[in-house]
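Visitor: Quick one: this structure, given as C-alpha cells, is what I'll be asking you about.
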Amino acid sequence: MRIAKPPLRTSVVHGCRVLGDAGLRITGYPSGPTLVRGVEAMCDRDGRPVELRRGIVAICRCEHSRITPFCDGTHRFVPGFDEPSGREPRAMDGRS
Ligand code: FES
C-alpha cells in the first residue's frame with residue numbers, strides 16, 4: 001500500500017520562493033522580518049537554492065541585512081523601519 005504525501009505549497013515572500021507542506025505559515029512583523037514556518041526548501045531572489053538549517057526562517061523586509069535573504073537584526077538601525085507601529089503581526093498566507 002502506498003501512502004500519499006501531503007501536497008506541497010509554494011509561496012513567494014519578498015521575492016524568495018519557499019516550499020513547504022500544509023504546515024507552511026507566513027507571518028509579517030510590522031517592525032521586523034517576515035517569519036516563515038514549516039519551510040522545506042527555499043530559493044533566494046535570484047532563484048538560487050538556499051541552505052536551510054531549520055524549518056523556520058526570518059526573511060529580511062528592510063533590504064539592509066548583510067546575510068540576505070535572511071534578517072540579521074539590522075532593521076533595528078534603519079531609520080523609520082523599526083518604529084513601534086502598534087500593529088500586530090499579520091498572517092500573510094490567508095490564515096489567521
Ligand atoms: S528585516 Fe531584519 S535585517 Fe532586514
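Numbering starts fresh at 1 for the residues of each chain in the C-alpha cells, the chains themselves are lettered A, B, ... in the order given, and ligands are numbered from 1 as they appear.
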Within 7 Å of ligand 1, which residues show up when you count only C-alpha atoms and all ligand atoms? List them as a PDB file with N, CA and C atoms, in the first residue's frame, please.
Guide:
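Output below, filename part.pdb:
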ATOM      1  N   GLY A  32       9.736  44.365  11.613  1.00  0.00           N
ATOM      2  CA  GLY A  32      10.810  43.386  11.500  1.00  0.00           C
ATOM      3  C   GLY A  32      10.647  42.530  10.264  1.00  0.00           C
ATOM      4  N   PRO A  33      11.196  41.344  10.322  1.00  0.00           N
ATOM      5  CA  PRO A  33      11.177  40.471   9.147  1.00  0.00           C
ATOM      6  C   PRO A  33       9.837  39.758   8.972  1.00  0.00           C
ATOM      7  N   ILE A  59      12.829  36.220   6.882  1.00  0.00           N
ATOM      8  CA  ILE A  59      13.235  36.835   5.627  1.00  0.00           C
ATOM      9  C   ILE A  59      13.224  38.355   5.786  1.00  0.00           C
ATOM     10  N   CYS A  60      14.332  38.958   5.395  1.00  0.00           N
ATOM     11  CA  CYS A  60      14.521  40.409   5.544  1.00  0.00           C
ATOM     12  C   CYS A  60      13.495  41.179   4.708  1.00  0.00           C
ATOM     13  N   ARG A  61      12.911  42.195   5.327  1.00  0.00           N
ATOM     14  CA  ARG A  61      11.993  43.095   4.625  1.00  0.00           C
ATOM     15  C   ARG A  61      12.620  44.459   4.397  1.00  0.00           C
ATOM     16  N   CYS A  62      13.631  44.818   5.208  1.00  0.00           N
ATOM     17  CA  CYS A  62      14.182  46.174   5.131  1.00  0.00           C
ATOM     18  C   CYS A  62      15.236  46.315   4.036  1.00  0.00           C
ATOM     19  N   GLU A  63      15.732  45.203   3.524  1.00  0.00           N
ATOM     20  CA  GLU A  63      16.738  45.164   2.466  1.00  0.00           C
ATOM     21  C   GLU A  63      18.083  45.757   2.888  1.00  0.00           C
ATOM     22  N   HIS A  64      18.395  45.672   4.184  1.00  0.00           N
ATOM     23  CA  HIS A  64      19.684  46.132   4.682  1.00  0.00           C
ATOM     24  C   HIS A  64      20.478  45.013   5.351  1.00  0.00           C
ATOM     25  N   SER A  65      19.959  43.799   5.366  1.00  0.00           N
ATOM     26  CA  SER A  65      20.643  42.692   6.018  1.00  0.00           C
ATOM     27  C   SER A  65      21.953  42.365   5.299  1.00  0.00           C
ATOM     28  N   CYS A  71      17.079  37.858   7.748  1.00  0.00           N
ATOM     29  CA  CYS A  71      17.185  39.008   8.649  1.00  0.00           C
ATOM     30  C   CYS A  71      18.373  38.786   9.574  1.00  0.00           C
ATOM     31  N   ASP A  72      19.180  39.827   9.772  1.00  0.00           N
ATOM     32  CA  ASP A  72      20.271  39.760  10.744  1.00  0.00           C
ATOM     33  C   ASP A  72      20.081  40.772  11.874  1.00  0.00           C
ATOM     34  N   GLY A  73      18.920  41.377  11.946  1.00  0.00           N
ATOM     35  CA  GLY A  73      18.628  42.343  13.004  1.00  0.00           C
ATOM     36  C   GLY A  73      18.968  43.772  12.641  1.00  0.00           C
ATOM     37  N   THR A  74      19.562  43.991  11.476  1.00  0.00           N
ATOM     38  CA  THR A  74      19.949  45.342  11.072  1.00  0.00           C
ATOM     39  C   THR A  74      18.747  46.279  10.980  1.00  0.00           C
ATOM     40  N   HIS A  75      17.547  45.739  10.765  1.00  0.00           N
ATOM     41  CA  HIS A  75      16.357  46.594  10.640  1.00  0.00           C
ATOM     42  C   HIS A  75      16.183  47.495  11.856  1.00  0.00           C
TER      43      HIS A  75
END
Visitor: Which is closer to Pro30 (chain A) than all the others in A:Pro79, A:Gly15, A:Pro89, A:Gly47, using only C-alpha atoms?
Guide: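 For Pro30 (chain A), the nearest of the candidates is A:Pro89.
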Visitor: Which value, in Å to one decimal, gives the distance between CA of Thr10 (chain A) and CA of Phe81 (chain A)?
Guide: 27.8 Å
Visitor: Quick one: of A:Ile67, A:Leu35, A:Tyr29, A:Val57, who's nearest to Arg87 (chain A), counting only C-alpha atoms?
Guide: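 Among the listed residues, the smallest separation from Arg87 (chain A) belongs to A:Tyr29.
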Visitor: List the neighbours of Leu19 (chain A) out to 8 Å using only C-alpha atoms; skip same-chain residues closer than 3 positions along the sequence, and give me the result as an NGL selection string.
Guide: :A and (8-11 or 24 or 39-42)
Visitor: Take the residues from that selection and write them out as a PDB file, in the first residue's frame, keeping C-alpha atoms.
Guide:
ATOM      1  CA  LEU A   8       3.424  20.869  -1.046  1.00  0.00           C
ATOM      2  CA  ARG A   9       2.688  24.575  -1.011  1.00  0.00           C
ATOM      3  CA  THR A  10       4.783  27.214  -2.699  1.00  0.00           C
ATOM      4  CA  SER A  11       4.756  30.910  -1.838  1.00  0.00           C
ATOM      5  CA  LEU A  24       3.758  26.395   5.928  1.00  0.00           C
ATOM      6  CA  VAL A  39       9.863  25.585   5.195  1.00  0.00           C
ATOM      7  CA  GLU A  40      11.268  22.520   3.459  1.00  0.00           C
ATOM      8  CA  ALA A  41      13.140  24.265   0.637  1.00  0.00           C
ATOM      9  CA  MET A  42      13.831  27.819  -0.415  1.00  0.00           C
TER      10      MET A  42
END
Visitor: For Val50 (chain A), please output as a ChimeraX atom specification all residues within 10 Å (counting only C-alpha atoms; exclusion window: fewer than 3 positions along the same chain).
Guide: /A:16-18,41-44,47,53,69
Visitor: Please list as a ChimeraX atom specification every residue within 10 Å of region 1-6 of chain A, counting only C-alpha atoms and excluding residues in the same chain fewer than 6 positions away.
Guide: /A:20-22
Visitor: Write the residues you've just listed into a file as an mmCIF file, in the first residue's frame, and include N, CA and C atoms for each of them.
Guide:
data_model
loop_
_atom_site.group_PDB
_atom_site.id
_atom_site.type_symbol
_atom_site.label_atom_id
_atom_site.label_comp_id
_atom_site.auth_asym_id
_atom_site.auth_seq_id
_atom_site.Cartn_x
_atom_site.Cartn_y
_atom_site.Cartn_z
ATOM 1 N N GLY A 20 6.852 24.314 1.241
ATOM 2 C CA GLY A 20 6.582 23.589 2.476
ATOM 3 C C GLY A 20 5.306 22.794 2.333
ATOM 4 N N ASP A 21 4.983 22.018 3.357
ATOM 5 C CA ASP A 21 3.748 21.243 3.296
ATOM 6 C C ASP A 21 2.610 22.075 3.881
ATOM 7 N N ALA A 22 1.574 21.419 4.331
ATOM 8 C CA ALA A 22 0.407 22.133 4.846
ATOM 9 C C ALA A 22 0.744 22.983 6.068
#
Visitor: Which one of A:Leu52, A:Ala58, A:Pro7, A:Glu88 sits closest to Ile26 (chain A) if you count only C-alpha atoms?
Guide: A:Ala58
Visitor: I'd like the interatomic distance between CA of Arg48 (chain A) and CA of Val36 (chain A), to a tenth of an Å.
Guide: 17.9 Å
Visitor: Could you please determine the separation between CA of Gly55 (chain A) and CA of Thr34 (chain A) in Å, to one decimal place?
Guide: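 Pair CA of Gly55 (chain A) / CA of Thr34 (chain A) returns 13.8 Å.
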Visitor: As a PyMOL selection string, please: every residue in chain A that DSSP puts in helix (DSSP H, G or I).
Guide: chain A and resi 74-77
Visitor: Any chance you can output those residues with C-alpha atoms as an mmCIF file, in the first residue's frame?
Guide:
data_model
loop_
_atom_site.group_PDB
_atom_site.id
_atom_site.type_symbol
_atom_site.label_atom_id
_atom_site.label_comp_id
_atom_site.auth_asym_id
_atom_site.auth_seq_id
_atom_site.Cartn_x
_atom_site.Cartn_y
_atom_site.Cartn_z
ATOM 1 C CA THR A 74 19.949 45.342 11.072
ATOM 2 C CA HIS A 75 16.357 46.594 10.640
ATOM 3 C CA ARG A 76 16.621 47.913 14.194
ATOM 4 C CA PHE A 77 19.062 50.534 12.944
#
